[in-house]
Protein chains: 2
Amino acid sequence: MVSGRVSHDSRIRSGNFMSVDSKKPPERADRVTIRTVAAHAGVSVAAVSKVMRNAYGVSDSLRARVTGSIEELGYRPSRAARGLRGQTFTIGVLLIDIRNPFLPEVIAGVNAVLGPSHYQAMIGVGEARMQLETSLIESMIDYKMDGLIMVAPRLPSEIITRFAAQIPIVAVGYHDPTADGFDTINADDQRGAEIAIESLLECGYRDIEMISQRAREGHKVSVVRQREIGYRRAMQRAGFGSSAPITNIPLESPMREETIRKFLARSDRPRAIFCWSDIDAIVVMSMAAEMGVRVPEDLAVVGYDNSSIAALGLVNLASIDQSGRELGQTATRTLLSRIEGRSEAVHILQMPSLVARRSLIVNRL
Amino acid sequence: MVSGRVSHDSRIRSGNFMSVDSKKPPERADRVTIRTVAAHAGVSVAAVSKVMRNAYGVSDSLRARVTGSIEELGYRPSRAARGLRGQTFTIGVLLIDIRNPFLPEVIAGVNAVLGPSHYQAMIGVGEARMQLETSLIESMIDYKMDGLIMVAPRLPSEIITRFAAQIPIVAVGYHDPTADGFDTINADDQRGAEIAIESLLECGYRDIEMISQRAREGHKVSVVRQREIGYRRAMQRAGFGSSAPITNIPLESPMREETIRKFLARSDRPRAIFCWSDIDAIVVMSMAAEMGVRVPEDLAVVGYDNSSIAALGLVNLASIDQSGRELGQTATRTLLSRIEGRSEAVHILQMPSLVARRSLIVNRL
DNA sequence: CCATTTGTGTAGAACGTTCTCCGTATAACG
DNA sequence: CGTTATACGGAGAACGTTCTACACAAATGG
């Protein structure tokens with residue numbers, strides 16, 4: 001492989017090929033470094049660095065002079081170089097998948113907290129593949145980012161713990177209250193599911209089922225499992241036995257549609273369903289509409305996440321709100337506190353709430 | 001501000017406080033560096049570096065020994081350090097906003113191309129604020145990322161050009177075929193709008209209007225403007241004059257809903273509308289449903305982006321598909337070619353297509 | 001057999017920060 | 001006035017790579 005470094009064009013364009021400036025083609029404009037600033041302000045490099053980090057031992061006059069030069073020259077410290085020694089003031093955010101409308105909320109929360117600070121967020125998308133997820137985490141560590149927020153990671157707890165030895169980590173949407181290497185921030189998914197079921201019961205429905213997703217590795221830590229647990233507990237408490245039925249629907253088309261169609265066509269189809277996620281609920285509702293199954297007259301539906309789509313008039317899906325925004329904010333604050341030195345793990349549970357909409361209530365009756 | 005570096009707990013936990021290992025608390029496990037590898041393999045640092053970059057001048061035996069050691073030690077080069085000298089093998093992706101369901105497609109395209117390579121994508125979210133957008137770009141430059149993909153940037157062309165002097169840039173969803181500092185990849189938004197209008201005309205609709213968005217700075221380069229141009233041209237060609245009506249709806253609630261309501265209540269409400277984006281189209285459809293305006297019987301709707309929501313049975317919105325995935329792929333390939341040395345700007349236009357759905361066609365008539 | 005080329009490997013200077021020591025000058029104290 | 005703090009500023013060693021320049025050996029050519 002030839003490294004084709006020389007740009008023919010630049011040769012041609014430079015017209016006079018005997019030009020004087022033929023020291024070396026710098027191509028990119030020379031960077032303003034901390035040294036440039038130091039020279040301009042007539043102080044040492046160390047002094048500038050101190051001002052930047054507002055460290056102890058700078059007089060007002062020196063600070064003024066240096067900040068003046070920084071301003072004037074438009075100096076920005078190199079994050080790469082910073083990473084080699086100290087902090088980068090960057091936190092990495094790892095998303096499983098960017099399609100889920102719940103995630104933007106979390107990001108918004110992260111940015112809201114980070115905004116006023118001098119930290120910035122960089123996002124990686126794992127696409128639910130453990131391999132990619134792992135390599136993204138490693139990259140973020142290799143960039144010397146200051147901390148990591150992992151949203152609904154696929155990785156098992158031990159591996160996350162191992163990474164957490166190298167970089168502060170807080171996981172969102174990952175239930176492991178026993179983890180002591182990293183923090184977790186969650187909505188109480190068990191309780192959320194209970195609320196969903198309780199509200200269905202209150203509306204008078206008795207014949208209730210849950211639509212879930214077959215988790216690949218059957219993580220107990222996964223939010224999916226947690227919601228199943230809550231569902232079963234609420235059903236049991238209402239006197240329906242300890243193993244209320246759950247229908248798993250696959251992630252991929254066309255099996256997905258096939259399974260839903262079969263479910264909706266069942267002669268013993270339940271009167272109400274609780275879906276582990278809005279995206280599933282909406283697909284079910286869409287197919288119900290196609291098949292002439294009326295919502296909520298024939299089938300009541302409660303979803304999860306209260307995503308923006310659920311709120312649309314066309315959809316009008318009752319859903320459990322877990323406030324992704326708030327999760328993002330809390331996660332960020334927790335991470336910052338860990339970056340600042342906390343070492344005991346913290347596990348926070350937020351309380352979700354029901355947003356009632358038409359899919360739940362048969363109105364005017 | 002005290003820098004609270006010392007961890008009390010580690011002291012307490014280490015039991016015997018006179019322990020021998022009291023050189024310095026390293027806390028984080030010592031990193032495997034290129035030097036570790038060199039020592040382990042019994043070669044020079046330079047040799048290892050050469051192997052890593054598969055540069056010229058390494059014998060098979062040396063390469064084997066080094067790769068062996070790398071494997072054994074689990075060595076990963078520090079991206080931070082790399083950034084200080086050479087490439088980081090990271091490309092930055094800048095999104096205006098993460099809520100728009102069109103963007104995940106683009107990301108998926110980017111990742112698809114990057115997957116097999118040793119490059120990785122890091123995403124920043126600008127939230128449509130120029131300030132944040134600018135600072136994210138600067139961060140990415142300061143990280144010495146190898147290139148930038150900007151999706152629907154807000155920044156004016158001159159500023160992007162200035163950034164492009166420091167880092168290879170390709171812009172997606174940004175029409176400026178005259179830019180010579182950076183590349184642009186677009187779906188042909190003018191043509192897309194024309195296709196939408198033509199299909200409405202073919203269905204027999206004559207009374208057509210466009211629902212658009214008041215662009216802040218009225219960029220000619222913005223996709224919104226481009227679609228307006230296409231709309232007007234198609235209308236003119238059909239004999240409706242050169243300034244077919246456009247209704248602008250605001251971005252923020254509650255003015256947004258207010259404006260739409262007013263539009264739908266108009267006595268001279270058009271028979272068909274073309275929305276510059278699915279997200280707007282869907283809100284209009286939702287409010288139409290609430291107000292008893294039937295789609296498509298009373299109002300035909302064509303959207304733009306063919307986002308996943310449009311395809312839902314409940315929504316069934318006809319839309320112009322600009323294949324975000326393909327845009328992402330093309331953008332990535334274009335960027336890589338620029339990183340590899342190309343210096344002439346390239347401007348690519350992809351052809352969009354209509355996906356017909358129920359919102360367009362009054363069926364069985 | 002000497003001069004040149006080619007192949008293989010190493011030394012060591014960057015890259016742009018941070019941060020630990022150290023000097024100094026001035027202030028405070030007895 | 002001598003001693004000790006205290007405040008301020010600078011020198012210079014890291015940090016982990018890349019990459020140029022060079023050394024050395026073996027091969028090639030005349």
# chains A, B, ... in the order shown; residues from 1 in each chain; ligands from 1
>>> residues_around(residues="B:Ala80", least_positions_apart="5", cutoff="6 Å", atoms="only C-alpha atoms (C1' of nucleotides)", output="ChimeraX atom specification")
/A:80,83-84,143
>>> interface_residues(of="chain B", to="chain C", cutoff="8 Å", atoms="only C-alpha atoms (C1' of nucleotides)", output="ChimeraX atom specification")
/B:44,46-47,57-59,84-85
>>> residues_around(residues="A:Val295", least_positions_apart="2", cutoff="9 Å", atoms="only C-alpha atoms (C1' of nucleotides)", output="list in words")
Met285, Ala288, Ala289, Val293, Glu297, Asp298, Leu299, Ala300, Val301, Arg358, Ser359, Leu360 and Val362 of chain A
>>> calpha_fit_and_write(fixed="chain B", moving="chain A", output="short mmCIF file (atom, residue, chain, number, x, y, z; two decimals) with C-alpha atoms, in the first residue's frame")
data_model
loop_
_atom_site.label_atom_id
_atom_site.label_comp_id
_atom_site.auth_asym_id
_atom_site.auth_seq_id
_atom_site.Cartn_x
_atom_site.Cartn_y
_atom_site.Cartn_z
CA MET A 1 -11.41 25.53 44.14
CA VAL A 2 -9.63 22.68 45.81
CA SER A 3 -8.74 19.89 43.48
CA GLY A 4 -9.63 17.11 45.94
CA ARG A 5 -7.40 14.57 44.33
CA VAL A 6 -6.77 12.31 47.28
CA SER A 7 -9.32 9.59 47.72
CA HIS A 8 -9.91 9.00 51.40
CA ASP A 9 -11.47 5.67 50.74
CA SER A 10 -8.48 4.19 49.04
CA ARG A 11 -6.44 5.03 52.11
CA ILE A 12 -8.89 3.38 54.41
CA ARG A 13 -9.36 0.34 52.25
CA SER A 14 -5.71 -0.38 51.80
CA GLY A 15 -5.73 -1.72 55.32
CA ASN A 16 -2.11 -1.79 56.34
CA PHE A 17 -1.15 1.84 55.88
CA MET A 18 2.54 1.03 56.06
CA SER A 19 2.20 -1.24 53.07
CA VAL A 20 5.14 -1.65 50.78
CA ASP A 21 3.48 -0.66 47.55
CA SER A 22 3.31 2.95 48.66
CA LYS A 23 5.33 4.24 45.72
CA LYS A 24 2.40 6.06 44.24
CA PRO A 25 -1.24 5.07 44.06
CA PRO A 26 -1.62 4.18 40.37
CA GLU A 27 -5.36 3.57 40.87
CA ARG A 28 -6.07 2.61 37.26
CA ALA A 29 -4.29 -0.46 35.97
CA ASP A 30 -1.10 0.38 34.12
CA ARG A 31 -1.68 0.70 30.48
CA VAL A 32 -0.12 -1.56 27.90
CA THR A 33 1.74 0.87 25.69
CA ILE A 34 3.69 0.46 22.53
CA ARG A 35 6.78 0.26 24.72
CA THR A 36 5.41 -2.71 26.61
CA VAL A 37 4.84 -4.48 23.35
CA ALA A 38 8.29 -3.59 22.07
CA ALA A 39 9.93 -4.97 25.18
CA HIS A 40 7.83 -8.11 25.12
CA ALA A 41 8.66 -8.80 21.48
CA GLY A 42 12.27 -7.80 21.95
CA VAL A 43 12.20 -5.14 19.24
CA SER A 44 12.25 -1.38 19.03
CA VAL A 45 9.31 0.90 19.54
CA ALA A 46 9.65 2.05 15.95
CA ALA A 47 9.31 -1.50 14.73
CA VAL A 48 6.03 -1.97 16.56
CA SER A 49 4.75 1.30 15.21
CA LYS A 50 5.63 0.20 11.70
CA VAL A 51 3.73 -3.03 12.12
CA MET A 52 0.71 -1.17 13.46
CA ARG A 53 0.56 1.15 10.49
CA ASN A 54 1.69 -1.64 8.21
CA ALA A 55 4.35 0.63 6.89
CA TYR A 56 7.13 -0.32 4.54
CA GLY A 57 10.19 -2.12 5.88
CA VAL A 58 9.11 -5.01 8.09
CA SER A 59 10.03 -8.62 7.51
CA ASP A 60 7.48 -11.36 7.87
CA SER A 61 9.19 -12.77 10.89
CA LEU A 62 9.25 -9.46 12.70
CA ARG A 63 5.66 -8.78 11.84
CA ALA A 64 4.68 -12.17 13.17
CA ARG A 65 6.54 -11.66 16.41
CA VAL A 66 5.07 -8.24 16.99
CA THR A 67 1.49 -9.15 16.13
CA GLY A 68 1.95 -12.10 18.45
CA SER A 69 2.90 -9.85 21.32
CA ILE A 70 0.14 -7.41 20.52
CA GLU A 71 -2.37 -10.21 20.65
CA GLU A 72 -0.95 -11.66 23.81
CA LEU A 73 -0.84 -8.40 25.68
CA GLY A 74 -4.10 -7.11 24.31
CA TYR A 75 -2.49 -3.92 23.19
CA ARG A 76 -4.59 -1.07 21.85
CA PRO A 77 -2.93 2.10 20.66
CA SER A 78 -3.95 5.26 22.48
CA ARG A 79 -6.13 7.36 20.28
CA ALA A 80 -5.17 10.43 22.21
CA ALA A 81 -1.49 9.90 21.54
CA ARG A 82 -2.14 9.09 17.93
CA GLY A 83 -3.98 12.33 17.54
CA LEU A 84 -0.89 14.18 18.60
CA ARG A 85 1.07 12.93 15.61
CA GLY A 86 -0.90 11.13 12.96
CA GLN A 87 -4.38 9.94 12.26
CA THR A 88 -6.97 9.00 14.86
CA PHE A 89 -9.07 6.87 12.54
CA THR A 90 -12.13 8.59 13.83
CA ILE A 91 -14.58 10.64 11.91
CA GLY A 92 -16.93 13.03 13.57
CA VAL A 93 -20.60 13.24 12.68
CA LEU A 94 -22.46 16.38 13.51
CA LEU A 95 -26.24 16.24 13.78
CA ILE A 96 -28.49 19.25 14.13
CA ASP A 97 -30.99 17.41 16.18
CA ILE A 98 -31.42 13.85 17.21
CA ARG A 99 -35.19 13.80 17.22
CA ASN A 100 -35.69 13.80 13.48
CA PRO A 101 -36.33 10.18 12.48
CA PHE A 102 -34.49 10.77 9.23
CA LEU A 103 -31.11 11.01 10.93
CA PRO A 104 -30.81 7.48 12.28
CA GLU A 105 -30.89 6.35 8.67
CA VAL A 106 -27.95 8.51 7.81
CA ILE A 107 -26.02 7.23 10.79
CA ALA A 108 -26.80 3.68 9.80
CA GLY A 109 -25.35 4.41 6.38
CA VAL A 110 -22.23 5.91 7.88
CA ASN A 111 -21.70 2.93 10.14
CA ALA A 112 -22.31 0.50 7.33
CA VAL A 113 -19.43 1.93 5.33
CA LEU A 114 -17.20 2.46 8.33
CA GLY A 115 -17.82 -0.98 9.78
CA PRO A 116 -15.33 -2.98 7.72
CA SER A 117 -12.70 -0.23 7.89
CA HIS A 118 -10.75 0.63 11.02
CA TYR A 119 -12.45 3.99 11.23
CA GLN A 120 -15.06 4.81 13.81
CA ALA A 121 -17.76 7.41 14.05
CA MET A 122 -18.27 9.77 16.96
CA ILE A 123 -21.45 11.74 16.99
CA GLY A 124 -22.12 15.22 18.29
CA VAL A 125 -25.55 16.77 18.59
CA GLY A 126 -25.76 20.47 17.83
CA GLU A 127 -29.40 20.88 18.85
CA ALA A 128 -29.83 23.47 16.13
CA ARG A 129 -27.84 26.00 18.15
CA MET A 130 -25.06 27.55 16.17
CA GLN A 131 -22.98 28.15 19.26
CA LEU A 132 -23.06 24.49 20.30
CA GLU A 133 -22.57 23.39 16.73
CA THR A 134 -19.46 25.51 16.42
CA SER A 135 -17.96 24.33 19.65
CA LEU A 136 -18.57 20.71 18.72
CA ILE A 137 -16.79 21.17 15.42
CA GLU A 138 -13.90 22.77 17.22
CA SER A 139 -13.76 19.92 19.67
CA MET A 140 -13.64 17.43 16.88
CA ILE A 141 -10.82 19.33 15.28
CA ASP A 142 -9.05 19.52 18.63
CA TYR A 143 -9.36 15.77 18.91
CA LYS A 144 -7.60 15.62 15.59
CA MET A 145 -10.35 13.58 14.07
CA ASP A 146 -9.65 12.65 10.49
CA GLY A 147 -12.77 14.11 8.97
CA LEU A 148 -16.23 15.51 9.57
CA ILE A 149 -19.67 14.72 8.26
CA MET A 150 -22.07 17.51 8.99
CA VAL A 151 -25.72 16.67 8.61
CA ALA A 152 -27.94 19.62 7.80
CA PRO A 153 -25.66 22.14 9.49
CA ARG A 154 -26.94 25.56 10.44
CA LEU A 155 -23.67 27.34 9.81
CA PRO A 156 -23.17 29.61 6.80
CA SER A 157 -21.00 28.41 3.97
CA GLU A 158 -18.05 30.72 4.62
CA ILE A 159 -17.66 29.45 8.15
CA ILE A 160 -17.81 25.85 7.05
CA THR A 161 -15.19 26.64 4.43
CA ARG A 162 -12.97 28.11 7.09
CA PHE A 163 -13.29 24.96 9.18
CA ALA A 164 -12.69 22.88 6.09
CA ALA A 165 -9.22 24.39 5.88
CA GLN A 166 -8.45 22.56 9.11
CA ILE A 167 -10.22 19.26 8.55
CA PRO A 168 -11.84 17.43 5.64
CA ILE A 169 -15.57 18.09 5.65
CA VAL A 170 -18.54 16.76 3.78
CA ALA A 171 -21.96 18.26 4.35
CA VAL A 172 -25.18 16.33 3.95
CA GLY A 173 -28.46 18.13 3.44
CA TYR A 174 -26.80 21.41 2.64
CA HIS A 175 -27.11 22.79 -0.84
CA ASP A 176 -24.11 24.75 -1.93
CA PRO A 177 -22.81 23.46 -5.25
CA THR A 178 -20.41 26.40 -5.44
CA ALA A 179 -18.53 25.46 -2.29
CA ASP A 180 -15.00 24.55 -3.17
CA GLY A 181 -13.60 23.89 0.26
CA PHE A 182 -15.85 21.01 1.18
CA ASP A 183 -18.07 18.40 -0.45
CA THR A 184 -21.83 18.21 -0.37
CA ILE A 185 -24.07 15.18 -0.64
CA ASN A 186 -27.74 15.73 -1.16
CA ALA A 187 -30.88 14.27 -2.39
CA ASP A 188 -32.20 16.51 -5.13
CA ASP A 189 -34.69 18.34 -2.97
CA GLN A 190 -36.01 20.52 -5.77
CA ARG A 191 -36.72 17.47 -7.86
CA GLY A 192 -38.18 15.67 -4.85
CA ALA A 193 -40.69 18.44 -4.33
CA GLU A 194 -41.53 18.40 -8.03
CA ILE A 195 -42.18 14.69 -7.88
CA ALA A 196 -44.50 15.18 -4.94
CA ILE A 197 -46.48 17.84 -6.76
CA GLU A 198 -46.53 15.91 -10.01
CA SER A 199 -47.92 12.88 -8.28
CA LEU A 200 -50.63 14.96 -6.65
CA LEU A 201 -51.49 16.42 -10.04
CA GLU A 202 -51.60 12.97 -11.56
CA CYS A 203 -54.06 11.90 -8.92
CA GLY A 204 -56.26 14.70 -10.14
CA TYR A 205 -55.75 17.23 -7.38
CA ARG A 206 -55.52 20.87 -8.47
CA ASP A 207 -55.98 22.88 -5.31
CA ILE A 208 -52.55 22.26 -3.80
CA GLU A 209 -50.58 24.09 -1.14
CA MET A 210 -47.30 23.57 0.64
CA ILE A 211 -46.76 23.44 4.37
CA SER A 212 -43.27 24.60 5.19
CA GLN A 213 -41.19 26.02 7.98
CA ARG A 214 -39.91 29.50 8.39
CA ALA A 215 -36.17 29.00 8.18
CA ARG A 216 -34.38 31.22 10.66
CA GLU A 217 -31.86 32.73 8.37
CA GLY A 218 -33.60 32.00 5.11
CA HIS A 219 -30.60 30.04 3.85
CA LYS A 220 -30.85 29.33 0.18
CA VAL A 221 -28.74 26.31 0.99
CA SER A 222 -31.30 24.82 3.34
CA VAL A 223 -33.26 21.80 2.22
CA VAL A 224 -36.43 23.57 3.24
CA ARG A 225 -35.87 26.35 0.73
CA GLN A 226 -34.92 23.89 -1.97
CA ARG A 227 -38.18 22.04 -1.59
CA GLU A 228 -40.08 25.29 -1.75
CA ILE A 229 -38.34 26.13 -4.99
CA GLY A 230 -39.22 22.76 -6.47
CA TYR A 231 -42.80 23.10 -5.34
CA ARG A 232 -43.19 26.52 -6.94
CA ARG A 233 -41.55 25.40 -10.14
CA ALA A 234 -43.80 22.38 -10.50
CA MET A 235 -46.86 24.48 -9.79
CA GLN A 236 -45.83 27.08 -12.30
CA ARG A 237 -45.19 24.44 -14.91
CA ALA A 238 -48.72 23.18 -14.31
CA GLY A 239 -50.02 26.64 -14.98
CA PHE A 240 -50.68 27.91 -11.48
CA GLY A 241 -48.46 30.99 -11.60
CA SER A 242 -45.05 31.52 -10.13
CA SER A 243 -45.92 32.09 -6.51
CA ALA A 244 -48.03 29.20 -5.36
CA PRO A 245 -49.04 29.61 -1.72
CA ILE A 246 -46.93 28.37 1.17
CA THR A 247 -48.07 28.17 4.77
CA ASN A 248 -45.32 28.34 7.34
CA ILE A 249 -45.85 26.58 10.62
CA PRO A 250 -43.75 27.39 13.67
CA LEU A 251 -41.53 24.84 15.36
CA GLU A 252 -42.60 25.41 18.92
CA SER A 253 -45.75 24.46 20.72
CA PRO A 254 -48.31 25.83 21.28
CA MET A 255 -48.14 28.22 18.32
CA ARG A 256 -47.50 25.22 16.13
CA GLU A 257 -50.81 23.52 16.90
CA GLU A 258 -52.60 26.84 16.82
CA THR A 259 -51.37 27.58 13.30
CA ILE A 260 -52.23 24.13 12.03
CA ARG A 261 -55.70 24.30 13.53
CA LYS A 262 -56.28 27.63 11.84
CA PHE A 263 -55.07 26.20 8.56
CA LEU A 264 -57.36 23.20 8.75
CA ALA A 265 -60.33 25.36 9.65
CA ARG A 266 -59.87 27.66 6.67
CA SER A 267 -62.93 27.85 4.47
CA ASP A 268 -60.69 27.87 1.41
CA ARG A 269 -58.55 25.05 2.71
CA PRO A 270 -56.80 23.34 -0.23
CA ARG A 271 -57.71 19.87 -1.37
CA ALA A 272 -54.14 18.57 -1.11
CA ILE A 273 -50.96 19.54 0.71
CA PHE A 274 -47.28 18.87 0.37
CA CYS A 275 -45.33 19.03 3.64
CA TRP A 276 -41.62 19.72 3.66
CA SER A 277 -41.17 16.96 6.23
CA ASP A 278 -42.93 13.89 7.57
CA ILE A 279 -42.87 15.14 11.12
CA ASP A 280 -44.97 18.10 10.08
CA ALA A 281 -47.22 16.02 7.87
CA ILE A 282 -47.95 13.65 10.71
CA VAL A 283 -48.86 16.40 13.11
CA VAL A 284 -51.18 17.85 10.49
CA MET A 285 -52.77 14.46 9.92
CA SER A 286 -53.20 13.94 13.64
CA MET A 287 -54.93 17.24 14.11
CA ALA A 288 -57.01 16.64 11.01
CA ALA A 289 -58.22 13.40 12.56
CA GLU A 290 -59.17 15.26 15.73
CA MET A 291 -61.04 17.92 13.75
CA GLY A 292 -62.86 15.43 11.62
CA VAL A 293 -61.03 16.28 8.42
CA ARG A 294 -60.63 13.00 6.59
CA VAL A 295 -57.36 12.02 4.92
CA PRO A 296 -57.27 11.58 1.98
CA GLU A 297 -61.02 12.08 1.28
CA ASP A 298 -61.01 15.69 2.40
CA LEU A 299 -57.32 16.36 2.32
CA ALA A 300 -54.58 14.51 0.50
CA VAL A 301 -51.12 14.67 2.05
CA VAL A 302 -47.63 14.01 0.77
CA GLY A 303 -44.73 14.19 3.18
CA TYR A 304 -40.97 14.10 2.85
CA ASP A 305 -38.31 11.70 4.15
CA ASN A 306 -40.28 8.46 4.13
CA SER A 307 -39.45 8.03 7.76
CA SER A 308 -40.38 4.87 9.60
CA ILE A 309 -43.44 6.51 11.10
CA ALA A 310 -44.88 7.27 7.69
CA ALA A 311 -44.89 3.58 6.91
CA LEU A 312 -46.99 2.65 9.94
CA GLY A 313 -50.41 1.32 9.06
CA LEU A 314 -52.02 3.87 11.34
CA VAL A 315 -50.37 6.71 9.52
CA ASN A 316 -49.99 5.48 5.98
CA LEU A 317 -48.43 8.66 4.72
CA ALA A 318 -47.24 9.00 1.14
CA SER A 319 -43.78 10.45 1.23
CA ILE A 320 -40.73 11.32 -0.82
CA ASP A 321 -37.95 8.89 -0.06
CA GLN A 322 -34.47 10.38 -0.13
CA SER A 323 -32.78 7.28 1.25
CA GLY A 324 -30.95 8.66 4.22
CA ARG A 325 -29.03 5.45 4.46
CA GLU A 326 -27.61 5.90 1.01
CA LEU A 327 -26.83 9.53 1.72
CA GLY A 328 -24.87 8.42 4.76
CA GLN A 329 -22.99 5.83 2.78
CA THR A 330 -22.11 8.18 -0.04
CA ALA A 331 -21.08 10.88 2.38
CA THR A 332 -18.78 8.51 4.18
CA ARG A 333 -17.14 7.24 1.02
CA THR A 334 -16.69 10.77 -0.20
CA LEU A 335 -15.13 11.79 3.07
CA LEU A 336 -12.74 8.86 3.04
CA SER A 337 -11.62 9.72 -0.45
CA ARG A 338 -10.96 13.26 0.66
CA ILE A 339 -9.03 12.07 3.67
CA GLU A 340 -6.94 10.04 1.28
CA GLY A 341 -5.90 13.17 -0.52
CA ARG A 342 -8.50 14.39 -2.98
CA SER A 343 -8.67 18.15 -2.94
CA GLU A 344 -11.18 19.16 -5.60
CA ALA A 345 -14.66 19.57 -4.15
CA VAL A 346 -17.33 17.13 -5.18
CA HIS A 347 -21.07 17.73 -5.14
CA ILE A 348 -23.36 14.77 -5.45
CA LEU A 349 -27.08 14.80 -6.03
CA GLN A 350 -29.14 11.70 -5.42
CA MET A 351 -32.50 11.13 -7.00
CA PRO A 352 -35.42 10.85 -4.60
CA SER A 353 -38.58 8.85 -5.32
CA LEU A 354 -42.17 8.78 -4.25
CA VAL A 355 -43.54 6.10 -1.95
CA ALA A 356 -47.25 6.13 -2.58
CA ARG A 357 -49.51 5.41 0.36
CA ARG A 358 -53.07 5.87 1.40
CA SER A 359 -52.77 9.56 2.30
CA LEU A 360 -52.41 10.29 -1.39
CA ILE A 361 -54.96 8.06 -3.03
CA VAL A 362 -58.67 7.91 -2.53
CA ASN A 363 -59.07 4.21 -2.95
CA ARG A 364 -61.90 2.29 -4.58
CA LEU A 365 -63.46 5.10 -6.48
#
>>> interface_residues(of="chain D", to="chain A", cutoff="8 Å", atoms="only C-alpha atoms (C1' of nucleotides)", output="ChimeraX atom specification")
/D:7-10,15-16
>>> write_last_selection(atoms="N, CA and C atoms (P, O5', C5', C4', C3', O3' and C1' of nucleotides)", output="mmCIF file, in the first residue's frame")
data_model
loop_
_atom_site.group_PDB
_atom_site.id
_atom_site.type_symbol
_atom_site.label_atom_id
_atom_site.label_comp_id
_atom_site.auth_asym_id
_atom_site.auth_seq_id
_atom_site.Cartn_x
_atom_site.Cartn_y
_atom_site.Cartn_z
ATOM 1 P P DA D 7 -1.053 32.733 50.373
ATOM 2 O "O5'" DA D 7 -0.578 33.526 49.081
ATOM 3 C "C5'" DA D 7 -0.214 34.892 49.205
ATOM 4 C "C4'" DA D 7 0.559 35.298 47.968
ATOM 5 C "C3'" DA D 7 -0.078 34.800 46.667
ATOM 6 O "O3'" DA D 7 -0.151 35.901 45.773
ATOM 7 C "C1'" DA D 7 2.204 34.184 46.756
ATOM 8 P P DC D 8 -0.901 35.776 44.424
ATOM 9 O "O5'" DC D 8 0.299 35.464 43.446
ATOM 10 C "C5'" DC D 8 1.251 36.499 43.202
ATOM 11 C "C4'" DC D 8 2.413 35.923 42.467
ATOM 12 C "C3'" DC D 8 2.119 35.395 41.062
ATOM 13 O "O3'" DC D 8 2.691 36.303 40.153
ATOM 14 C "C1'" DC D 8 3.683 34.039 42.243
ATOM 15 P P DG D 9 2.292 36.190 38.606
ATOM 16 O "O5'" DG D 9 3.397 35.186 38.102
ATOM 17 C "C5'" DG D 9 4.678 35.701 37.812
ATOM 18 C "C4'" DG D 9 5.646 34.560 37.600
ATOM 19 C "C3'" DG D 9 5.390 33.748 36.331
ATOM 20 O "O3'" DG D 9 6.421 34.072 35.394
ATOM 21 C "C1'" DG D 9 5.974 32.378 38.214
ATOM 22 P P DG D 10 6.511 33.277 33.988
ATOM 23 O "O5'" DG D 10 7.564 32.167 34.407
ATOM 24 C "C5'" DG D 10 8.816 32.585 34.933
ATOM 25 C "C4'" DG D 10 9.768 31.415 34.978
ATOM 26 C "C3'" DG D 10 9.842 30.602 33.687
ATOM 27 O "O3'" DG D 10 11.176 30.171 33.511
ATOM 28 C "C1'" DG D 10 9.104 29.208 35.447
ATOM 29 P P DC D 15 5.182 8.696 32.036
ATOM 30 O "O5'" DC D 15 3.976 8.942 31.034
ATOM 31 C "C5'" DC D 15 2.778 9.543 31.478
ATOM 32 C "C4'" DC D 15 1.967 9.967 30.287
ATOM 33 C "C3'" DC D 15 2.114 9.025 29.091
ATOM 34 O "O3'" DC D 15 1.053 8.081 29.144
ATOM 35 C "C1'" DC D 15 2.099 11.360 28.460
ATOM 36 P P DG D 16 1.413 6.526 28.896
ATOM 37 O "O5'" DG D 16 1.324 6.437 27.311
ATOM 38 C "C5'" DG D 16 0.081 6.687 26.702
ATOM 39 C "C4'" DG D 16 0.288 6.787 25.211
ATOM 40 C "C3'" DG D 16 1.003 5.576 24.597
ATOM 41 O "O3'" DG D 16 0.326 5.235 23.418
ATOM 42 C "C1'" DG D 16 2.109 7.551 24.001
#
>>> select_by_dssp(residues="stretch 200-322 of chain B", states="strand (DSSP E or B)", output="CSV table (one decimal) with C-alpha atoms, in the first residue's frame")
chain,number,residue,atom,x,y,z
B,208,ILE,CA,-52.6,22.3,-3.8
B,209,GLU,CA,-50.6,24.1,-1.2
B,210,MET,CA,-47.3,23.6,0.6
B,211,ILE,CA,-46.7,23.5,4.3
B,212,SER,CA,-43.3,24.7,5.1
B,246,ILE,CA,-46.9,28.4,1.1
B,247,THR,CA,-48.0,28.3,4.7
B,248,ASN,CA,-45.3,28.4,7.2
B,272,ALA,CA,-54.2,18.7,-1.1
B,273,ILE,CA,-51.0,19.6,0.7
B,274,PHE,CA,-47.3,18.9,0.4
B,275,CYS,CA,-45.3,19.1,3.6
B,300,ALA,CA,-54.6,14.6,0.6
B,301,VAL,CA,-51.2,14.8,2.1
B,302,VAL,CA,-47.7,14.0,0.8
B,303,GLY,CA,-44.8,14.2,3.2
B,304,TYR,CA,-41.0,14.1,2.9
B,318,ALA,CA,-47.3,9.0,1.2
B,319,SER,CA,-43.9,10.5,1.3
B,320,ILE,CA,-40.8,11.3,-0.8
B,321,ASP,CA,-38.0,8.9,0.0
